[in-house]
>>> print(open('protein_18.cif').read())   # mmCIF, C-alpha atoms
data_protein
loop_
_atom_site.label_atom_id
_atom_site.label_comp_id
_atom_site.auth_asym_id
_atom_site.auth_seq_id
_atom_site.Cartn_x
_atom_site.Cartn_y
_atom_site.Cartn_z
CA MET A 1 19.88 15.17 12.01
CA GLY A 2 22.83 13.28 10.51
CA GLU A 3 23.44 11.33 13.72
CA ILE A 4 22.03 8.07 14.99
CA ASN A 5 20.51 8.05 18.47
CA LYS A 6 19.90 4.36 19.12
CA GLU A 7 17.44 5.27 21.89
CA ALA A 8 14.98 6.01 19.08
CA LEU A 9 15.03 2.30 18.17
CA PHE A 10 13.65 1.44 21.61
CA LYS A 11 10.44 3.25 20.63
CA LEU A 12 9.51 0.58 18.07
CA GLY A 13 6.76 -1.80 19.17
CA TYR A 14 6.87 -5.60 19.31
CA GLY A 15 5.32 -8.57 21.09
CA VAL A 16 7.16 -11.44 22.76
CA TYR A 17 6.95 -14.94 21.27
CA LEU A 18 8.23 -18.49 21.43
CA VAL A 19 9.33 -19.79 18.05
CA SER A 20 9.43 -23.60 18.00
CA SER A 21 10.57 -26.11 15.43
CA LEU A 22 11.56 -29.72 14.96
CA LYS A 23 14.34 -31.59 13.25
CA ALA A 24 14.33 -34.93 11.40
CA GLY A 25 14.46 -37.57 14.12
CA GLY A 26 11.94 -35.76 16.27
CA LYS A 27 14.26 -33.38 18.13
CA LEU A 28 12.42 -30.28 19.33
CA ASN A 29 13.63 -26.78 20.10
CA ALA A 30 12.21 -23.33 20.79
CA GLN A 31 13.52 -19.83 21.38
CA VAL A 32 12.18 -16.43 22.34
CA SER A 33 11.73 -13.85 19.58
CA ASN A 34 10.19 -10.41 19.45
CA VAL A 35 10.21 -10.05 15.67
CA VAL A 36 7.10 -11.81 14.40
CA PHE A 37 4.65 -9.83 12.26
CA GLN A 38 2.04 -10.05 9.56
CA VAL A 39 3.02 -8.87 6.05
CA THR A 40 -0.09 -9.50 3.94
CA SER A 41 -3.73 -10.17 4.72
CA GLU A 42 -4.91 -12.10 1.63
CA PRO A 43 -3.48 -14.69 1.80
CA VAL A 44 -2.27 -14.35 5.38
CA LYS A 45 1.52 -14.23 5.31
CA LEU A 46 3.77 -13.44 8.23
CA ALA A 47 7.50 -13.03 8.77
CA ILE A 48 9.99 -13.75 11.50
CA CYS A 49 13.59 -12.83 11.90
CA ILE A 50 15.93 -15.52 13.26
CA ASN A 51 19.64 -15.31 14.08
CA LYS A 52 21.60 -17.71 11.88
CA SER A 53 23.70 -18.91 14.82
CA ASN A 54 20.62 -20.11 16.75
CA LEU A 55 19.67 -23.80 16.85
CA THR A 56 16.08 -22.91 15.90
CA TYR A 57 17.47 -21.51 12.63
CA ASP A 58 18.92 -24.95 11.78
CA TYR A 59 15.66 -26.68 12.68
CA ILE A 60 13.53 -24.30 10.58
CA LYS A 61 15.86 -24.72 7.59
CA ASN A 62 15.68 -28.48 8.12
CA SER A 63 11.92 -28.92 8.49
CA GLY A 64 10.47 -25.90 6.67
CA TYR A 65 7.86 -25.58 9.44
CA PHE A 66 7.69 -23.83 12.74
CA GLY A 67 5.31 -22.73 15.44
CA VAL A 68 4.70 -19.42 17.19
CA SER A 69 3.28 -19.05 20.69
CA VAL A 70 2.28 -15.50 21.64
CA LEU A 71 3.29 -15.07 25.30
CA SER A 72 1.13 -13.43 27.95
CA GLU A 73 2.20 -10.85 30.54
CA ALA A 74 1.94 -13.64 33.14
CA VAL A 75 4.99 -15.52 31.83
CA PRO A 76 7.63 -16.00 34.58
CA MET A 77 11.12 -14.70 33.90
CA THR A 78 12.51 -18.19 34.60
CA PHE A 79 10.51 -19.42 31.59
CA ILE A 80 11.94 -16.60 29.46
CA GLY A 81 15.37 -17.48 30.81
CA THR A 82 15.12 -21.10 29.65
CA PHE A 83 13.89 -20.31 26.16
CA GLY A 84 15.56 -16.95 25.56
CA PHE A 85 18.95 -17.17 27.19
CA LYS A 86 19.90 -20.84 26.93
CA SER A 87 20.63 -22.92 23.83
CA GLY A 88 18.90 -26.14 22.90
CA ARG A 89 22.44 -27.40 22.18
CA ASP A 90 23.03 -27.42 25.96
CA ILE A 91 19.64 -28.21 27.51
CA GLU A 92 16.45 -30.06 26.63
CA LYS A 93 13.96 -27.19 26.51
CA PHE A 94 10.85 -29.33 26.06
CA LYS A 95 11.37 -31.41 29.21
CA ASP A 96 8.83 -29.66 31.48
CA VAL A 97 6.50 -27.79 29.14
CA ASN A 98 3.03 -28.48 27.78
CA PHE A 99 2.69 -28.47 24.02
CA ILE A 100 0.56 -29.87 21.26
CA VAL A 101 1.85 -31.37 18.03
CA ALA A 102 0.33 -29.84 14.88
CA ASP A 103 -0.42 -31.77 11.67
CA SER A 104 3.04 -30.93 10.27
CA GLY A 105 4.67 -32.40 13.38
CA THR A 106 5.58 -28.92 14.64
CA PRO A 107 5.42 -28.54 18.44
CA LEU A 108 3.32 -25.60 19.68
CA ILE A 109 3.94 -24.64 23.30
CA THR A 110 0.75 -23.76 25.18
CA ASP A 111 2.23 -22.71 28.56
CA TYR A 112 1.70 -18.95 29.06
CA ALA A 113 0.46 -18.68 25.46
CA VAL A 114 -2.52 -16.51 24.45
CA GLY A 115 -2.41 -17.76 20.86
CA ILE A 116 -0.54 -20.39 18.84
CA MET A 117 0.17 -20.68 15.11
CA GLU A 118 1.49 -23.42 12.84
CA LEU A 119 3.46 -22.09 9.91
CA LYS A 120 5.17 -23.16 6.72
CA VAL A 121 8.17 -21.30 5.30
CA VAL A 122 7.44 -19.93 1.79
CA GLY A 123 10.33 -17.49 1.34
CA GLU A 124 13.38 -16.03 2.97
CA MET A 125 15.61 -12.98 2.72
CA ASP A 126 19.18 -12.88 3.93
CA SER A 127 19.80 -9.98 6.26
CA GLY A 128 23.39 -10.47 7.46
CA SER A 129 23.39 -11.92 10.98
CA HIS A 130 19.70 -12.79 10.65
CA THR A 131 17.40 -14.34 8.08
CA LEU A 132 13.91 -13.02 7.55
CA PHE A 133 11.60 -15.96 6.88
CA VAL A 134 8.23 -15.39 5.22
CA TRP A 135 5.63 -17.98 5.99
CA GLU A 136 2.07 -19.00 5.40
CA LEU A 137 -0.31 -19.68 8.25
CA LEU A 138 -1.47 -23.32 8.27
CA SER A 139 -3.50 -23.29 11.49
CA SER A 140 -4.00 -21.10 14.54
CA GLN A 141 -5.81 -21.12 17.86
CA VAL A 142 -6.62 -18.67 20.63
CA ILE A 143 -5.47 -20.22 23.92
CA SER A 144 -6.39 -17.55 26.44
CA GLU A 145 -7.91 -14.09 26.74
CA ALA A 146 -4.99 -12.94 28.95
CA THR A 147 -3.12 -9.86 27.74
CA ALA A 148 -0.39 -10.54 25.20
CA MET A 149 2.92 -9.16 26.41
CA SER A 150 4.44 -6.21 24.57
CA TYR A 151 8.20 -5.85 24.28
CA ALA A 152 7.87 -2.54 26.16
CA TYR A 153 6.10 -4.33 29.06
CA TYR A 154 8.83 -6.98 29.05
CA HIS A 155 11.50 -4.29 29.44
CA GLU A 156 9.72 -1.79 31.66
CA VAL A 157 7.58 -3.94 33.97
CA LYS A 158 9.32 -7.33 33.90
CA LYS A 159 12.77 -5.68 33.70
CA GLY A 160 13.72 -8.13 30.97
CA LYS A 161 16.86 -7.88 28.86
CA SER A 162 17.67 -8.78 25.26
CA PRO A 163 20.40 -11.31 24.35
CA LYS A 164 23.14 -10.19 21.97
CA SER A 165 21.72 -12.49 19.29
CA ALA A 166 18.42 -10.56 19.18
CA PRO A 167 17.69 -8.50 16.05
CA THR A 168 16.83 -5.59 18.33
CA TYR A 169 19.88 -5.80 20.63
CA VAL A 170 21.32 -2.34 21.23
CA SER A 171 24.64 -2.16 23.07
CA MET B 1 -5.40 -27.83 14.94
CA GLY B 2 -5.78 -27.83 11.15
CA GLU B 3 -8.00 -24.74 11.21
CA ILE B 4 -7.14 -21.06 11.08
CA ASN B 5 -8.62 -18.85 13.79
CA LYS B 6 -7.77 -15.33 12.61
CA GLU B 7 -8.38 -14.01 16.12
CA ALA B 8 -4.96 -15.45 16.98
CA LEU B 9 -3.40 -12.91 14.58
CA PHE B 10 -4.73 -10.07 16.73
CA LYS B 11 -2.42 -11.23 19.50
CA LEU B 12 0.70 -10.16 17.58
CA GLY B 13 2.31 -6.94 18.83
CA TYR B 14 3.12 -3.80 16.83
CA GLY B 15 3.60 -0.06 17.21
CA VAL B 16 1.93 2.68 15.18
CA TYR B 17 4.02 4.79 12.81
CA LEU B 18 3.98 7.43 10.13
CA VAL B 19 6.03 6.45 7.09
CA SER B 20 6.95 9.50 5.00
CA SER B 21 8.70 9.93 1.68
CA LEU B 22 9.30 12.36 -1.13
CA LYS B 23 9.19 12.29 -4.88
CA ALA B 24 11.37 14.03 -7.47
CA GLY B 25 10.04 17.59 -7.68
CA GLY B 26 9.67 17.87 -3.92
CA LYS B 27 6.22 16.31 -3.50
CA LEU B 28 5.77 14.88 0.00
CA ASN B 29 3.54 12.14 1.31
CA ALA B 30 3.09 10.04 4.45
CA GLN B 31 0.91 7.16 5.60
CA VAL B 32 0.24 5.25 8.79
CA SER B 33 1.86 1.82 9.18
CA ASN B 34 2.06 -0.67 12.01
CA VAL B 35 4.66 -2.94 10.44
CA VAL B 36 8.06 -1.38 11.16
CA PHE B 37 10.68 -3.49 12.95
CA GLN B 38 14.37 -4.05 13.43
CA VAL B 39 15.93 -7.08 11.71
CA THR B 40 19.64 -6.88 12.62
CA SER B 41 21.60 -5.00 15.24
CA GLU B 42 25.07 -4.74 13.64
CA PRO B 43 24.68 -2.91 11.35
CA VAL B 44 21.25 -1.63 12.33
CA LYS B 45 18.80 -2.72 9.65
CA LEU B 46 15.05 -2.42 9.81
CA ALA B 47 12.13 -3.42 7.62
CA ILE B 48 8.74 -2.04 6.73
CA CYS B 49 5.87 -3.51 4.82
CA ILE B 50 4.07 -1.20 2.37
CA ASN B 51 1.02 -1.89 0.20
CA LYS B 52 1.93 -1.58 -3.47
CA SER B 53 -1.23 0.39 -4.23
CA ASN B 54 -0.32 3.16 -1.77
CA LEU B 55 1.16 6.47 -2.95
CA THR B 56 3.97 6.16 -0.36
CA TYR B 57 5.05 2.96 -2.14
CA ASP B 58 5.58 4.95 -5.37
CA TYR B 59 7.50 7.65 -3.51
CA ILE B 60 9.79 5.16 -1.73
CA LYS B 61 10.51 3.34 -5.00
CA ASN B 62 11.21 6.74 -6.59
CA SER B 63 13.51 8.25 -3.97
CA GLY B 64 14.99 5.20 -2.20
CA TYR B 65 14.60 7.04 1.11
CA PHE B 66 11.92 7.38 3.69
CA GLY B 67 11.26 8.51 7.21
CA VAL B 68 9.55 6.90 10.18
CA SER B 69 7.87 8.78 13.03
CA VAL B 70 6.94 6.64 16.04
CA LEU B 71 3.55 7.93 17.23
CA SER B 72 2.64 8.53 20.87
CA GLU B 73 -0.56 7.51 22.65
CA ALA B 74 -1.54 11.21 22.58
CA VAL B 75 -2.10 11.28 18.81
CA PRO B 76 -5.66 12.42 17.95
CA MET B 77 -7.79 10.13 15.82
CA THR B 78 -8.30 12.98 13.34
CA PHE B 79 -4.53 12.93 12.73
CA ILE B 80 -4.64 9.14 12.19
CA GLY B 81 -7.63 9.70 9.89
CA THR B 82 -5.72 12.10 7.66
CA PHE B 83 -2.62 9.95 7.32
CA GLY B 84 -4.12 6.48 7.58
CA PHE B 85 -7.45 6.65 5.83
CA LYS B 86 -6.94 9.26 3.10
CA SER B 87 -4.68 9.14 0.06
CA GLY B 88 -2.05 11.72 -0.83
CA ARG B 89 -3.52 11.46 -4.33
CA ASP B 90 -6.60 13.31 -3.02
CA ILE B 91 -5.31 15.63 -0.29
CA GLU B 92 -2.13 17.49 0.62
CA LYS B 93 -1.17 15.72 3.84
CA PHE B 94 1.75 18.03 4.74
CA LYS B 95 -0.35 21.21 4.76
CA ASP B 96 -0.74 21.64 8.51
CA VAL B 97 1.96 19.47 10.11
CA ASN B 98 5.37 20.20 11.58
CA PHE B 99 8.27 18.32 10.07
CA ILE B 100 12.00 18.57 9.60
CA VAL B 101 13.85 17.79 6.39
CA ALA B 102 16.71 15.27 6.81
CA ASP B 103 19.98 15.37 4.83
CA SER B 104 18.53 13.07 2.16
CA GLY B 105 15.61 15.47 1.69
CA THR B 106 13.22 13.08 3.43
CA PRO B 107 10.51 14.79 5.49
CA LEU B 108 10.24 13.58 9.11
CA ILE B 109 6.99 14.52 10.84
CA THR B 110 7.50 15.60 14.46
CA ASP B 111 3.86 16.14 15.53
CA TYR B 112 2.88 13.47 18.11
CA ALA B 113 6.20 11.68 17.46
CA VAL B 114 8.29 10.15 20.24
CA GLY B 115 11.12 9.27 17.86
CA ILE B 116 12.02 9.88 14.21
CA MET B 117 14.30 7.98 11.82
CA GLU B 118 15.76 8.70 8.39
CA LEU B 119 16.24 5.57 6.31
CA LYS B 120 17.70 4.36 3.05
CA VAL B 121 16.28 1.34 1.21
CA VAL B 122 18.92 -1.42 0.81
CA GLY B 123 16.76 -4.38 -0.17
CA GLU B 124 13.22 -5.49 -0.85
CA MET B 125 11.19 -8.68 -0.98
CA ASP B 126 7.98 -9.04 -2.91
CA SER B 127 5.17 -10.33 -0.77
CA GLY B 128 2.10 -10.23 -3.03
CA SER B 129 -0.06 -7.22 -2.16
CA HIS B 130 2.80 -5.73 -0.12
CA THR B 131 6.54 -5.22 -0.46
CA LEU B 132 8.84 -5.70 2.49
CA PHE B 133 11.57 -3.05 2.28
CA VAL B 134 14.79 -3.53 4.22
CA TRP B 135 16.60 -0.34 5.09
CA GLU B 136 19.60 1.10 6.82
CA LEU B 137 19.27 3.72 9.49
CA LEU B 138 20.93 6.99 8.43
CA SER B 139 19.95 9.15 11.40
CA SER B 140 17.53 9.08 14.31
CA GLN B 141 16.33 11.31 17.15
CA VAL B 142 14.25 10.96 20.27
CA ILE B 143 11.55 13.65 20.17
CA SER B 144 9.66 13.01 23.39
CA GLU B 145 9.55 10.74 26.43
CA ALA B 146 5.79 10.22 25.97
CA THR B 147 4.65 6.59 25.68
CA ALA B 148 4.87 5.14 22.19
CA MET B 149 1.49 3.81 21.09
CA SER B 150 1.07 0.06 20.69
CA TYR B 151 -1.25 -1.35 18.05
CA ALA B 152 -3.22 -2.99 20.88
CA TYR B 153 -3.68 0.42 22.57
CA TYR B 154 -4.79 1.88 19.23
CA HIS B 155 -7.48 -0.78 18.90
CA GLU B 156 -8.56 -1.21 22.52
CA VAL B 157 -8.28 2.29 23.99
CA LYS B 158 -8.50 4.59 20.95
CA LYS B 159 -11.02 2.24 19.25
CA GLY B 160 -9.05 2.59 16.02
CA LYS B 161 -9.64 0.50 12.93
CA SER B 162 -7.36 -0.86 10.20
CA PRO B 163 -7.85 0.03 6.52
CA LYS B 164 -8.21 -2.83 4.03
CA SER B 165 -4.77 -1.98 2.60
CA ALA B 166 -3.05 -2.79 5.92
CA PRO B 167 -0.86 -5.91 6.05
CA THR B 168 -2.69 -6.87 9.26
CA TYR B 169 -6.24 -6.27 8.03
CA VAL B 170 -8.52 -9.13 9.09
CA SER B 171 -12.04 -9.15 7.69
#
>>> encode(input="protein_18.cif", output="structure tokens")
Amino acid sequence: MGEINKEALFKLGYGVYLVSSLKAGGKLNAQVSNVVFQVTSEPVKLAICINKSNLTYDYIKNSGYFGVSVLSEAVPMTFIGTFGFKSGRDIEKFKDVNFIVADSGTPLITDYAVGIMELKVVGEMDSGSHTLFVWELLSSQVISEATAMSYAYYHEVKKGKSPKSAPTYVS
Amino acid sequence: MGEINKEALFKLGYGVYLVSSLKAGGKLNAQVSNVVFQVTSEPVKLAICINKSNLTYDYIKNSGYFGVSVLSEAVPMTFIGTFGFKSGRDIEKFKDVNFIVADSGTPLITDYAVGIMELKVVGEMDSGSHTLFVWELLSSQVISEATAMSYAYYHEVKKGKSPKSAPTYVS
């Protein structure tokens, strides 16, 4: 031991998600994330990890709410490309997608989603380039019985890549 | 919306891990966890979520170090049973397993592991029943090219269950 083999990090398991939020004035944005997970069961609390330089970070800080859509294996790579590799500062990501608006006003994208969740931020922890937000689940729905996509499937079957802003980027 | 369907939580993706630690005096313990994930890439920081009532929680608080072994799909359910459904307060979990001792003294179990990591706690966030520890990676190794087990595979193929102390337990 004593050395770091970053290949070992690729063995960790994740899903693939859209994280969506809104800003005062009704502007909407969403991004891809693989770091969404449950931290307690009673009450249900979850956490996500968002890069501070991302527009979604600003929107979450602004509204205190956000949505998560769990993506299925059927999601096209062009869809991932729009939400994962382009910034809402440059394009209007909600132009051609189907979504519902939850009670908090948070947009929840239903395209290629197997489940959606509406969430409220209840805590955060600074983690350098990223912030770990802890949130409470306000509402959730199952959208489809299709298989949720694992991060391993995204890499190995879809041949997907990770942007440099991802918490799990390994050069 | 407005209602919580807990089935949606089952769509979130995780791996399956052993989290091991030691206590002053050389006592060793390990438990199963599914909530281990990377939070930043430079420097590499990761997080785990541990139930405060678990013995491993005491050991991590005591030593400030712990190990993670990423389990493969080949792991027998008896092995999961020992580490995931029994307490180190009642049995000696390290009696019949192979492990290496990292520079910090932390035991890293190699049986059924595809990768192992030695970690140092650098932060923590209270989350009610659980604590979210943030840690820095000290060393890591790939042990095998076998497929790392996803939490979905554990439930659907291995027919595994989650103990009530798990962050993702859903009644």
>>> closest_residue(input="protein_18.cif", among="B:Leu132, B:Met149, B:Val157, B:Val114", to="Gly13 (chain B)", atoms="all atoms listed in the file")
B:Met149
>>> closest_residue(input="protein_18.cif", among="B:Val75, B:Ala24, B:Val121, B:Val35", to="chain A", atoms="all atoms listed in the file")
B:Val35
>>> atom_distance(input="protein_18.cif", atom1="CA of Lys120 (chain B)", atom2="CA of Val36 (chain B)")
13.8 Å
>>> residues_around(input="protein_18.cif", residues="region 38-54 of chain A", least_positions_apart="5", cutoff="8 Å", atoms="all atoms listed in the file", output="list in words")
Ser33, Ser87, Ser129, His130, Thr131, Leu132, Phe133, Val134, Trp135, Glu136, Leu137, Ser165, Ala166 and Pro167 of chain A; Leu9, Val35, Val39, Cys49, Ser127, Gly128, Ser129, His130, Leu132, Ala166, Pro167, Thr168, Tyr169 and Val170 of chain B
>>> write_last_selection(input="protein_18.cif", atoms="C-alpha atoms", output="PDB file, keeping the file's coordinate frame")
ATOM      1  CA  SER A  33      11.730 -13.850  19.580  1.00  0.00           C
ATOM      2  CA  SER A  87      20.630 -22.920  23.830  1.00  0.00           C
ATOM      3  CA  SER A 129      23.390 -11.920  10.980  1.00  0.00           C
ATOM      4  CA  HIS A 130      19.700 -12.790  10.650  1.00  0.00           C
ATOM      5  CA  THR A 131      17.400 -14.340   8.080  1.00  0.00           C
ATOM      6  CA  LEU A 132      13.910 -13.020   7.550  1.00  0.00           C
ATOM      7  CA  PHE A 133      11.600 -15.960   6.880  1.00  0.00           C
ATOM      8  CA  VAL A 134       8.230 -15.390   5.220  1.00  0.00           C
ATOM      9  CA  TRP A 135       5.630 -17.980   5.990  1.00  0.00           C
ATOM     10  CA  GLU A 136       2.070 -19.000   5.400  1.00  0.00           C
ATOM     11  CA  LEU A 137      -0.310 -19.680   8.250  1.00  0.00           C
ATOM     12  CA  SER A 165      21.720 -12.490  19.290  1.00  0.00           C
ATOM     13  CA  ALA A 166      18.420 -10.560  19.180  1.00  0.00           C
ATOM     14  CA  PRO A 167      17.690  -8.500  16.050  1.00  0.00           C
TER      15      PRO A 167
ATOM     16  CA  LEU B   9      -3.400 -12.910  14.580  1.00  0.00           C
ATOM     17  CA  VAL B  35       4.660  -2.940  10.440  1.00  0.00           C
ATOM     18  CA  VAL B  39      15.930  -7.080  11.710  1.00  0.00           C
ATOM     19  CA  CYS B  49       5.870  -3.510   4.820  1.00  0.00           C
ATOM     20  CA  SER B 127       5.170 -10.330  -0.770  1.00  0.00           C
ATOM     21  CA  GLY B 128       2.100 -10.230  -3.030  1.00  0.00           C
ATOM     22  CA  SER B 129      -0.060  -7.220  -2.160  1.00  0.00           C
ATOM     23  CA  HIS B 130       2.800  -5.730  -0.120  1.00  0.00           C
ATOM     24  CA  LEU B 132       8.840  -5.700   2.490  1.00  0.00           C
ATOM     25  CA  ALA B 166      -3.050  -2.790   5.920  1.00  0.00           C
ATOM     26  CA  PRO B 167      -0.860  -5.910   6.050  1.00  0.00           C
ATOM     27  CA  THR B 168      -2.690  -6.870   9.260  1.00  0.00           C
ATOM     28  CA  TYR B 169      -6.240  -6.270   8.030  1.00  0.00           C
ATOM     29  CA  VAL B 170      -8.520  -9.130   9.090  1.00  0.00           C
TER      30      VAL B 170
END
>>> closest_residue(input="protein_18.cif", among="B:Ile80, B:Ala30, B:Leu108, B:Ala74", to="chain A", atoms="only C-alpha atoms")
B:Leu108
>>> calpha_fit_and_write(input="protein_18.cif", fixed="chain B", moving="chain A", output="compact mmCIF listing (two decimals) with C-alpha atoms, keeping the file's coordinate frame")
# COMPACT_ATOMS: atom_id res chain seq x y z
CA MET A 1 -5.42 -27.85 14.96
CA GLY A 2 -5.79 -27.84 11.17
CA GLU A 3 -7.98 -24.74 11.20
CA ILE A 4 -7.14 -21.06 11.10
CA ASN A 5 -8.64 -18.84 13.80
CA LYS A 6 -7.77 -15.34 12.61
CA GLU A 7 -8.39 -14.01 16.13
CA ALA A 8 -4.96 -15.45 16.98
CA LEU A 9 -3.40 -12.92 14.58
CA PHE A 10 -4.75 -10.07 16.72
CA LYS A 11 -2.42 -11.24 19.51
CA LEU A 12 0.70 -10.16 17.59
CA GLY A 13 2.31 -6.95 18.83
CA TYR A 14 3.10 -3.81 16.83
CA GLY A 15 3.59 -0.07 17.22
CA VAL A 16 1.93 2.67 15.18
CA TYR A 17 4.03 4.80 12.81
CA LEU A 18 3.99 7.45 10.12
CA VAL A 19 6.02 6.46 7.09
CA SER A 20 6.96 9.51 5.00
CA SER A 21 8.70 9.93 1.69
CA LEU A 22 9.31 12.37 -1.12
CA LYS A 23 9.21 12.29 -4.88
CA ALA A 24 11.39 14.05 -7.48
CA GLY A 25 10.03 17.58 -7.68
CA GLY A 26 9.67 17.87 -3.94
CA LYS A 27 6.22 16.31 -3.49
CA LEU A 28 5.77 14.88 0.00
CA ASN A 29 3.54 12.13 1.32
CA ALA A 30 3.09 10.04 4.45
CA GLN A 31 0.92 7.16 5.61
CA VAL A 32 0.24 5.24 8.79
CA SER A 33 1.85 1.81 9.18
CA ASN A 34 2.07 -0.67 12.01
CA VAL A 35 4.67 -2.94 10.43
CA VAL A 36 8.05 -1.37 11.15
CA PHE A 37 10.67 -3.48 12.94
CA GLN A 38 14.36 -4.04 13.44
CA VAL A 39 15.93 -7.08 11.72
CA THR A 40 19.62 -6.87 12.64
CA SER A 41 21.60 -4.99 15.26
CA GLU A 42 25.07 -4.73 13.66
CA PRO A 43 24.68 -2.90 11.37
CA VAL A 44 21.25 -1.62 12.34
CA LYS A 45 18.80 -2.72 9.66
CA LEU A 46 15.05 -2.41 9.82
CA ALA A 47 12.13 -3.42 7.61
CA ILE A 48 8.74 -2.04 6.72
CA CYS A 49 5.88 -3.50 4.81
CA ILE A 50 4.07 -1.20 2.36
CA ASN A 51 1.02 -1.89 0.20
CA LYS A 52 1.93 -1.58 -3.48
CA SER A 53 -1.23 0.40 -4.24
CA ASN A 54 -0.31 3.17 -1.77
CA LEU A 55 1.18 6.46 -2.96
CA THR A 56 3.97 6.16 -0.37
CA TYR A 57 5.05 2.96 -2.15
CA ASP A 58 5.59 4.95 -5.38
CA TYR A 59 7.50 7.66 -3.53
CA ILE A 60 9.79 5.17 -1.74
CA LYS A 61 10.52 3.36 -5.02
CA ASN A 62 11.21 6.74 -6.60
CA SER A 63 13.51 8.25 -3.97
CA GLY A 64 14.98 5.21 -2.20
CA TYR A 65 14.61 7.06 1.12
CA PHE A 66 11.92 7.40 3.69
CA GLY A 67 11.25 8.52 7.22
CA VAL A 68 9.55 6.89 10.19
CA SER A 69 7.88 8.78 13.03
CA VAL A 70 6.94 6.64 16.04
CA LEU A 71 3.56 7.94 17.24
CA SER A 72 2.65 8.53 20.87
CA GLU A 73 -0.56 7.51 22.65
CA ALA A 74 -1.54 11.20 22.59
CA VAL A 75 -2.11 11.28 18.82
CA PRO A 76 -5.67 12.43 17.96
CA MET A 77 -7.78 10.12 15.82
CA THR A 78 -8.30 12.98 13.33
CA PHE A 79 -4.53 12.92 12.72
CA ILE A 80 -4.66 9.15 12.18
CA GLY A 81 -7.63 9.69 9.90
CA THR A 82 -5.71 12.10 7.65
CA PHE A 83 -2.62 9.95 7.32
CA GLY A 84 -4.13 6.48 7.60
CA PHE A 85 -7.44 6.64 5.81
CA LYS A 86 -6.94 9.25 3.10
CA SER A 87 -4.67 9.14 0.05
CA GLY A 88 -2.06 11.72 -0.82
CA ARG A 89 -3.52 11.47 -4.35
CA ASP A 90 -6.60 13.31 -3.02
CA ILE A 91 -5.31 15.62 -0.29
CA GLU A 92 -2.13 17.48 0.62
CA LYS A 93 -1.16 15.72 3.84
CA PHE A 94 1.73 18.02 4.74
CA LYS A 95 -0.33 21.22 4.75
CA ASP A 96 -0.75 21.63 8.54
CA VAL A 97 1.96 19.48 10.09
CA ASN A 98 5.37 20.22 11.58
CA PHE A 99 8.28 18.33 10.09
CA ILE A 100 11.99 18.58 9.60
CA VAL A 101 13.85 17.79 6.39
CA ALA A 102 16.70 15.29 6.81
CA ASP A 103 19.98 15.37 4.85
CA SER A 104 18.52 13.08 2.16
CA GLY A 105 15.61 15.48 1.68
CA THR A 106 13.23 13.07 3.42
CA PRO A 107 10.51 14.79 5.50
CA LEU A 108 10.24 13.57 9.11
CA ILE A 109 7.00 14.52 10.85
CA THR A 110 7.51 15.60 14.47
CA ASP A 111 3.86 16.13 15.53
CA TYR A 112 2.89 13.46 18.10
CA ALA A 113 6.20 11.68 17.46
CA VAL A 114 8.31 10.15 20.25
CA GLY A 115 11.13 9.27 17.85
CA ILE A 116 12.03 9.88 14.20
CA MET A 117 14.31 7.99 11.81
CA GLU A 118 15.77 8.70 8.38
CA LEU A 119 16.25 5.59 6.31
CA LYS A 120 17.69 4.36 3.04
CA VAL A 121 16.29 1.34 1.21
CA VAL A 122 18.92 -1.42 0.81
CA GLY A 123 16.75 -4.38 -0.19
CA GLU A 124 13.22 -5.50 -0.86
CA MET A 125 11.18 -8.68 -0.98
CA ASP A 126 7.96 -9.04 -2.92
CA SER A 127 5.15 -10.34 -0.77
CA GLY A 128 2.08 -10.23 -3.04
CA SER A 129 -0.07 -7.22 -2.16
CA HIS A 130 2.79 -5.74 -0.12
CA THR A 131 6.52 -5.23 -0.48
CA LEU A 132 8.83 -5.69 2.46
CA PHE A 133 11.56 -3.06 2.27
CA VAL A 134 14.80 -3.53 4.21
CA TRP A 135 16.60 -0.36 5.08
CA GLU A 136 19.59 1.07 6.82
CA LEU A 137 19.28 3.72 9.49
CA LEU A 138 20.94 6.99 8.43
CA SER A 139 19.95 9.16 11.40
CA SER A 140 17.53 9.10 14.31
CA GLN A 141 16.34 11.30 17.14
CA VAL A 142 14.26 10.96 20.28
CA ILE A 143 11.55 13.64 20.18
CA SER A 144 9.67 13.02 23.40
CA GLU A 145 9.56 10.74 26.43
CA ALA A 146 5.79 10.22 25.97
CA THR A 147 4.65 6.60 25.68
CA ALA A 148 4.87 5.13 22.19
CA MET A 149 1.50 3.80 21.10
CA SER A 150 1.07 0.05 20.70
CA TYR A 151 -1.26 -1.35 18.06
CA ALA A 152 -3.23 -2.99 20.89
CA TYR A 153 -3.70 0.44 22.57
CA TYR A 154 -4.79 1.89 19.23
CA HIS A 155 -7.49 -0.78 18.91
CA GLU A 156 -8.56 -1.20 22.52
CA VAL A 157 -8.27 2.30 24.00
CA LYS A 158 -8.49 4.58 20.95
CA LYS A 159 -11.01 2.25 19.25
CA GLY A 160 -9.05 2.58 16.03
CA LYS A 161 -9.65 0.48 12.93
CA SER A 162 -7.37 -0.87 10.21
CA PRO A 163 -7.85 0.02 6.51
CA LYS A 164 -8.21 -2.83 4.03
CA SER A 165 -4.78 -2.00 2.60
CA ALA A 166 -3.05 -2.78 5.92
CA PRO A 167 -0.86 -5.91 6.06
CA THR A 168 -2.67 -6.87 9.25
CA TYR A 169 -6.25 -6.28 8.03
CA VAL A 170 -8.50 -9.15 9.08
CA SER A 171 -12.02 -9.18 7.65
>>> resolve_selection(input="protein_18.cif", expression="the PyMOL selection byres ((chain A and resi 109) around 6)", output="ChimeraX atom specification")
/A:98-99,108,110-111
>>> closest_residue(input="protein_18.cif", among="A:Glu3, A:Glu73, A:Glu145, A:Asp58", to="chain B", atoms="only C-alpha atoms")
A:Glu3
>>> decode(input="protein_18.cif", residues="region 158-162 of chain A", atoms="C-alpha atoms", output="short mmCIF file (atom, residue, chain, number, x, y, z; two decimals), in the first residue's frame")
data_model
loop_
_atom_site.label_atom_id
_atom_site.label_comp_id
_atom_site.auth_asym_id
_atom_site.auth_seq_id
_atom_site.Cartn_x
_atom_site.Cartn_y
_atom_site.Cartn_z
CA LYS A 158 -23.01 3.58 -23.56
CA LYS A 159 -19.30 4.52 -23.72
CA GLY A 160 -20.09 7.72 -21.85
CA LYS A 161 -17.47 10.07 -20.44
CA SER A 162 -17.35 12.31 -17.37
#
